[in-house]
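Below you'll find the structure, written out as structure tokens, and then a few comments.
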Amino acid sequence: MKFFRIFRIVLLVAIFMLLGAFILTYFTFRSSLPARKDSISIPGLRSEVTVAWDRWGVPHIKASNEQDLFLASGFIQARERLWQMEFLKRLAHGRLAEILGKPGERFDVRTRVLGIPVALERDYQKLSAEMKELLSAYTRGVNAYLDSLKWNWPPEFIILRFRPEPWRVEDTLAIKFVLAMGLAADLSSELPRMNIMKLTGRRGLEVLEPNIDFPPDPEVRLDLLFLGQSEPPILAGSNNWVISGNLTESGQPLLANDPHLAISLPPIWMEISLESPDYKVSGVTIPGVPMVIIGHNQHLAWGVTNSYVDVQDIYVEQVNWDAESYFRNGEWKPFTFRREVIKIRGEKNPRVMNVRWTEEGPLLNPFLMNCEMPITLRWTIYEGDQSFYGLYLINRARNWDEFCRGARLLENPSQNFVYADVAGNIGYYLTGKIPVRKKETAVYPYPGWREDSLWTGYLAEEDKPNQFNPPSGFIVTANSDLYPRGYPHYLGYDWLISDRKDRIQELIAARPKHSLETLMAIQNDVYSRRAERVKKVLSQIRLSHPTAEEARKLLTQWDGEVRGGLAPAIFEVFWEELQELTFSDDFRVYYQQISDYFRFKQAGLERILDQPDSSWFDNKETEKVETREEMIEKALLEAMSYLRKELGRNQEKWDWSVLHALHYRHILGQKWFLSFFNAGRFPMVGDGTTVRASCGSGGWETTVGASCRLIVDLSDLDKSLSVITSGQSGHFMSSHYQDQISLYLNSLYHPWSFSETAVRRHLERTEKLRPEK
């Protein structure tokens, strides 16, 4: 009995201790929520700043001068998203391992070896005095918020037990490079192309992008290549389009944009409105950037998609290791060395790398690549640019000419900008510093010692395929081929398949006049043009196996919309199975790398699907010569088997939207005991080729999709619509942490208020930021 009494006492003590720890943790996290005060004093302000918060947690900041506007923007962004700002700056600087330990090391290695710190230094050197002054004001605002914190730090800092360093101007500049690393595709394309050609010879041209009709240079004798596991996931792309007043019910332009990026908690974008006496601008930004990246001011609107223009080249080098030199322009030149020290939390000694650099860029061996021949990277970011000043000019622009003055300074990353203004004009501008060279030097790794490998300059702005008020009355970009007919300059071959662009154009052409409602419908369209092509092939054949034939009939009767249900689930799994059956025997252990490369391009299975006699369908590991029909039958059977295993034998429960679900995950929420940071798992429709795009970076679960959806009505800016993926706040206990999830998942939007009258209509509270006395 005595033992049980002691046990009960110990158990009760343990329960009360756990309960006490829970209550203490709860109140610690709760007290770290940003305080809602009517006014607050901020050092450095010159005059009072008003912040009107609408019901979705969007701050509308109004200041009497630009210095105060930027300072207030820094304070507000830090208060709402400090952890995210800290994470992004560390990702760009290559300093994640300092707070995350070993899991962050591979990201830091990639960032340092790719030369992001070098590019950042050169951006800072090119920063104008005016821009440096404004970014310094933003920095003071961020640091004013840091200084105001005592023990009430955001939960992530409490859990990881560290405090951020003061924000610097360089940290704001660093945010650009987070995007640049994910949006420059050539590094992750040249290597799979090379592997395809090494494994299959000239036959490989049959499954590369249509315009690539030449093999690698014979002097390049590379082993088969892997880039390593720190390679970022392939993105699905983005959509933007603009329609002139001739094709709208209002008689004024409409502009739509939905950039596709990783869906995270908190979301990549933060909605914000900024107003000073000279201009007023509203839209979305990335926390850490004081200006609007996508949005509109009182005169014009703009939207962006990734251009996939080729701004990187991979060179194979001749190296004299004894002399630490490389061959260039007929002579041996010494490498320069950059010492990179990566501190790793929990480890006594840092990782030290001496990265070799040529005049053009870093040597990727041995840190990112492991092959016999040395490989270097040339990238336009290494020259530095004035992209932030260009964005500032766009925020202030009043017409097409002023917009172009800003756009031509946006050198990295290269983007497709669509434009509309209140005067009724529409336009397109391809931004970015685009190297001039022969296409033969740019598609595969090329000998760096050859004179023709060098860039001869950059494409002149007047030679870019820009447009202003085209006769068609609309412009669409969706990461596909940018070449106008007869265009003489090389831009690249890394385009994604044109399905989304073609579908958007089809839907625009289907109506004589458009409205906000029709643009909402287009933005959320889930019709698959890939499914249309597959259905055409399936309708022309018959299969011998009853299960496969039943599945074939079901797919041919399906309407091609990738929603929830049985047919989309069978189709999506079938496509992946057919691609693997077709190519895995040819590409062996490199199949996964190459299939990722094929995934959303006009390449791989897309090139041969309509060719029943293609030799690619034959499995080289068997004596029998397989046909396309046999592979289709086998792929359908394997798809059905997979779905039975994953979702059960009852086909009524086979649902693509469940298989493709979106799990809102915080980076710390990957640990079960920190899952309170997450926001749930929800069914998801669409795929990587539908206008409403969504895809995964491995498996079926959605990890990438529309990171926001924006529609601007130039006839009345207050009628514009917006939605982000989850919510404005970065604090998991805030009412604005996930209040937009329901809107986002259900293809809905909230009013994008611009005028003071519209903001008052949805006003939640008003806050005054006052100069410190």
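The chains in the structure tokens are called A, B, ... from first to last as shown; in each chain the residues are counted from 1, and the ligands are counted from 1 in the order shown.
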
Can you build me a table of stretch 649-741 of chain A residues sitting at most 9 Å from stretch 33-43 of chain A, with the closest atom pair per residue and its distance in Å to one decimal, using only C-alpha atoms, sorted by chain and residue number, as a Markdown table?
| residue | atom | partner | partner_atom | distance |
| --- | --- | --- | --- | --- |
| A:His731 | CA | A:Leu33 | CA | 6.7 |
| A:Phe732 | CA | A:Leu33 | CA | 9.0 |
| A:Met733 | CA | A:Leu33 | CA | 7.3 |
| A:Ser734 | CA | A:Leu33 | CA | 7.0 |

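Of the listed residues (A:Ser722, A:Thr376, A:Ser729, A:Ser480), A:Ser480 comes nearest to A:Lys601; the distances count only C-alpha atoms.
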
Inset, instruction - Please identify all polymer residues within 12 Å of A:Asp171, counting only C-alpha atoms, omitting same-chain residues fewer than 2 positions from it, and present them as number ranges by chain. - result: A: 85-95, 117, 120-121, 123-124, 135-136, 138-139, 142, 164-169, 173-178, 287-290

Inset, instruction - With a distance cut-off of 10 Å and only C-alpha atoms, select the neighbouring residues of A:Arg55, excluding the residue or stretch itself and same-chain residues fewer than 2 positions from it, and output the selection as number ranges by chain. - result: A: 52-53, 57-59, 736, 739, 750, 759, 761-765

Keeping N, CA, C and O atoms, export the residues of the selection given above as a compact mmCIF listing (two decimals), in the first residue's frame.
# COMPACT_ATOMS: atom_id res chain seq x y z
N ALA A 52 -3.70 52.00 -40.53
CA ALA A 52 -5.07 51.50 -40.50
C ALA A 52 -5.03 50.01 -40.81
O ALA A 52 -4.56 49.60 -41.89
N TRP A 53 -5.51 49.20 -39.88
CA TRP A 53 -5.51 47.75 -40.05
C TRP A 53 -6.90 47.30 -40.48
O TRP A 53 -7.90 47.59 -39.81
N GLY A 57 -6.07 41.91 -41.44
CA GLY A 57 -4.75 42.15 -40.86
C GLY A 57 -3.79 42.83 -41.80
O GLY A 57 -2.57 42.76 -41.60
N VAL A 58 -4.30 43.51 -42.82
CA VAL A 58 -3.44 44.22 -43.77
C VAL A 58 -3.17 45.63 -43.24
O VAL A 58 -4.11 46.37 -42.97
N PRO A 59 -1.89 46.02 -43.09
CA PRO A 59 -1.59 47.38 -42.63
C PRO A 59 -1.58 48.37 -43.80
O PRO A 59 -0.95 48.12 -44.82
N HIS A 736 -4.99 36.30 -37.23
CA HIS A 736 -4.67 36.47 -38.65
C HIS A 736 -3.57 35.51 -39.12
O HIS A 736 -2.94 35.73 -40.14
N ASP A 739 -6.45 32.96 -41.18
CA ASP A 739 -7.83 33.35 -41.48
C ASP A 739 -8.13 33.45 -42.97
O ASP A 739 -9.30 33.63 -43.35
N HIS A 750 -10.58 38.34 -50.88
CA HIS A 750 -11.12 39.43 -50.05
C HIS A 750 -10.94 40.74 -50.80
O HIS A 750 -10.06 40.85 -51.68
N VAL A 759 -10.90 51.48 -47.17
CA VAL A 759 -10.22 50.95 -45.98
C VAL A 759 -11.12 51.11 -44.75
O VAL A 759 -11.24 50.20 -43.93
N ARG A 761 -14.25 51.07 -44.67
CA ARG A 761 -15.36 50.14 -44.79
C ARG A 761 -15.00 48.79 -44.15
O ARG A 761 -15.89 48.07 -43.68
N HIS A 762 -13.72 48.43 -44.16
CA HIS A 762 -13.29 47.14 -43.62
C HIS A 762 -12.32 47.33 -42.45
O HIS A 762 -11.55 46.43 -42.13
N LEU A 763 -12.39 48.48 -41.80
CA LEU A 763 -11.42 48.83 -40.76
C LEU A 763 -11.59 47.97 -39.51
O LEU A 763 -12.71 47.77 -39.03
N GLU A 764 -10.48 47.43 -39.01
CA GLU A 764 -10.48 46.70 -37.74
C GLU A 764 -10.00 47.59 -36.60
O GLU A 764 -10.58 47.59 -35.52
N ARG A 765 -8.95 48.35 -36.85
CA ARG A 765 -8.44 49.27 -35.82
C ARG A 765 -7.48 50.26 -36.47
O ARG A 765 -7.00 50.05 -37.60

Legend entry - alpha helix (DSSP H) positions in stretch 54-162 of chain A, given as a PyMOL selection string: chain A and resi 66-93+97-100+105-113+116-125+129-148+155-160

Could the residues in this selection be saved with C-alpha atoms as a short mmCIF file (atom, residue, chain, number, x, y, z; two decimals), in the first residue's frame?
data_model
loop_
_atom_site.label_atom_id
_atom_site.label_comp_id
_atom_site.auth_asym_id
_atom_site.auth_seq_id
_atom_site.Cartn_x
_atom_site.Cartn_y
_atom_site.Cartn_z
CA GLU A 66 9.37 58.75 -47.25
CA GLN A 67 11.89 58.32 -44.43
CA ASP A 68 9.09 57.78 -41.94
CA LEU A 69 7.21 55.55 -44.40
CA PHE A 70 10.17 53.19 -44.77
CA LEU A 71 10.92 53.24 -41.05
CA ALA A 72 7.30 52.42 -40.20
CA SER A 73 7.27 49.66 -42.81
CA GLY A 74 10.31 48.09 -41.13
CA PHE A 75 8.74 48.30 -37.68
CA ILE A 76 5.41 46.81 -38.80
CA GLN A 77 6.96 44.01 -40.86
CA ALA A 78 9.26 43.02 -38.00
CA ARG A 79 6.37 43.00 -35.55
CA GLU A 80 4.29 40.73 -37.79
CA ARG A 81 6.95 38.48 -39.35
CA LEU A 82 10.24 38.75 -37.41
CA TRP A 83 10.96 35.00 -37.43
CA GLN A 84 10.38 34.78 -41.19
CA MET A 85 12.66 37.76 -41.82
CA GLU A 86 15.38 36.16 -39.71
CA PHE A 87 14.99 32.82 -41.50
CA LEU A 88 15.11 34.34 -45.00
CA LYS A 89 18.15 36.49 -44.28
CA ARG A 90 20.02 33.49 -42.84
CA LEU A 91 19.03 31.38 -45.84
CA ALA A 92 20.44 34.04 -48.19
CA HIS A 93 23.62 34.62 -46.16
CA ALA A 97 23.22 26.01 -39.45
CA GLU A 98 24.01 28.53 -36.72
CA ILE A 99 20.45 28.19 -35.44
CA LEU A 100 19.22 24.87 -36.91
CA GLU A 105 24.38 22.87 -43.17
CA ARG A 106 23.57 21.67 -46.70
CA PHE A 107 21.63 24.84 -47.44
CA ASP A 108 24.52 26.97 -46.19
CA VAL A 109 27.02 25.03 -48.29
CA ARG A 110 24.95 25.58 -51.41
CA THR A 111 24.49 29.30 -50.73
CA ARG A 112 28.18 29.89 -50.03
CA VAL A 113 29.52 27.81 -52.95
CA ILE A 116 25.45 34.44 -53.01
CA PRO A 117 27.49 36.41 -50.42
CA VAL A 118 29.71 37.69 -53.27
CA ALA A 119 26.69 38.79 -55.30
CA LEU A 120 25.22 40.49 -52.24
CA GLU A 121 28.42 42.48 -51.63
CA ARG A 122 28.39 43.69 -55.23
CA ASP A 123 24.73 44.73 -55.00
CA TYR A 124 25.58 46.77 -51.92
CA GLN A 125 28.46 48.46 -53.75
CA ALA A 129 22.98 57.10 -51.94
CA GLU A 130 19.22 57.73 -52.16
CA MET A 131 18.37 54.03 -51.95
CA LYS A 132 20.87 53.43 -49.16
CA GLU A 133 19.27 56.21 -47.14
CA LEU A 134 15.76 54.77 -47.56
CA LEU A 135 16.85 51.22 -46.80
CA SER A 136 18.68 52.53 -43.74
CA ALA A 137 15.41 54.07 -42.55
CA TYR A 138 13.71 50.68 -43.00
CA THR A 139 16.57 49.06 -41.08
CA ARG A 140 16.11 51.51 -38.20
CA GLY A 141 12.44 50.57 -38.08
CA VAL A 142 13.22 46.85 -37.85
CA ASN A 143 15.80 47.45 -35.13
CA ALA A 144 13.42 49.74 -33.22
CA TYR A 145 11.10 46.77 -32.89
CA LEU A 146 13.98 44.48 -31.87
CA ASP A 147 14.99 46.97 -29.18
CA SER A 148 11.41 47.09 -27.86
CA PRO A 155 7.84 31.69 -30.10
CA GLU A 156 10.44 30.46 -32.61
CA PHE A 157 13.19 32.44 -30.88
CA ILE A 158 12.10 31.11 -27.48
CA ILE A 159 12.12 27.50 -28.70
CA LEU A 160 15.45 27.77 -30.51
#
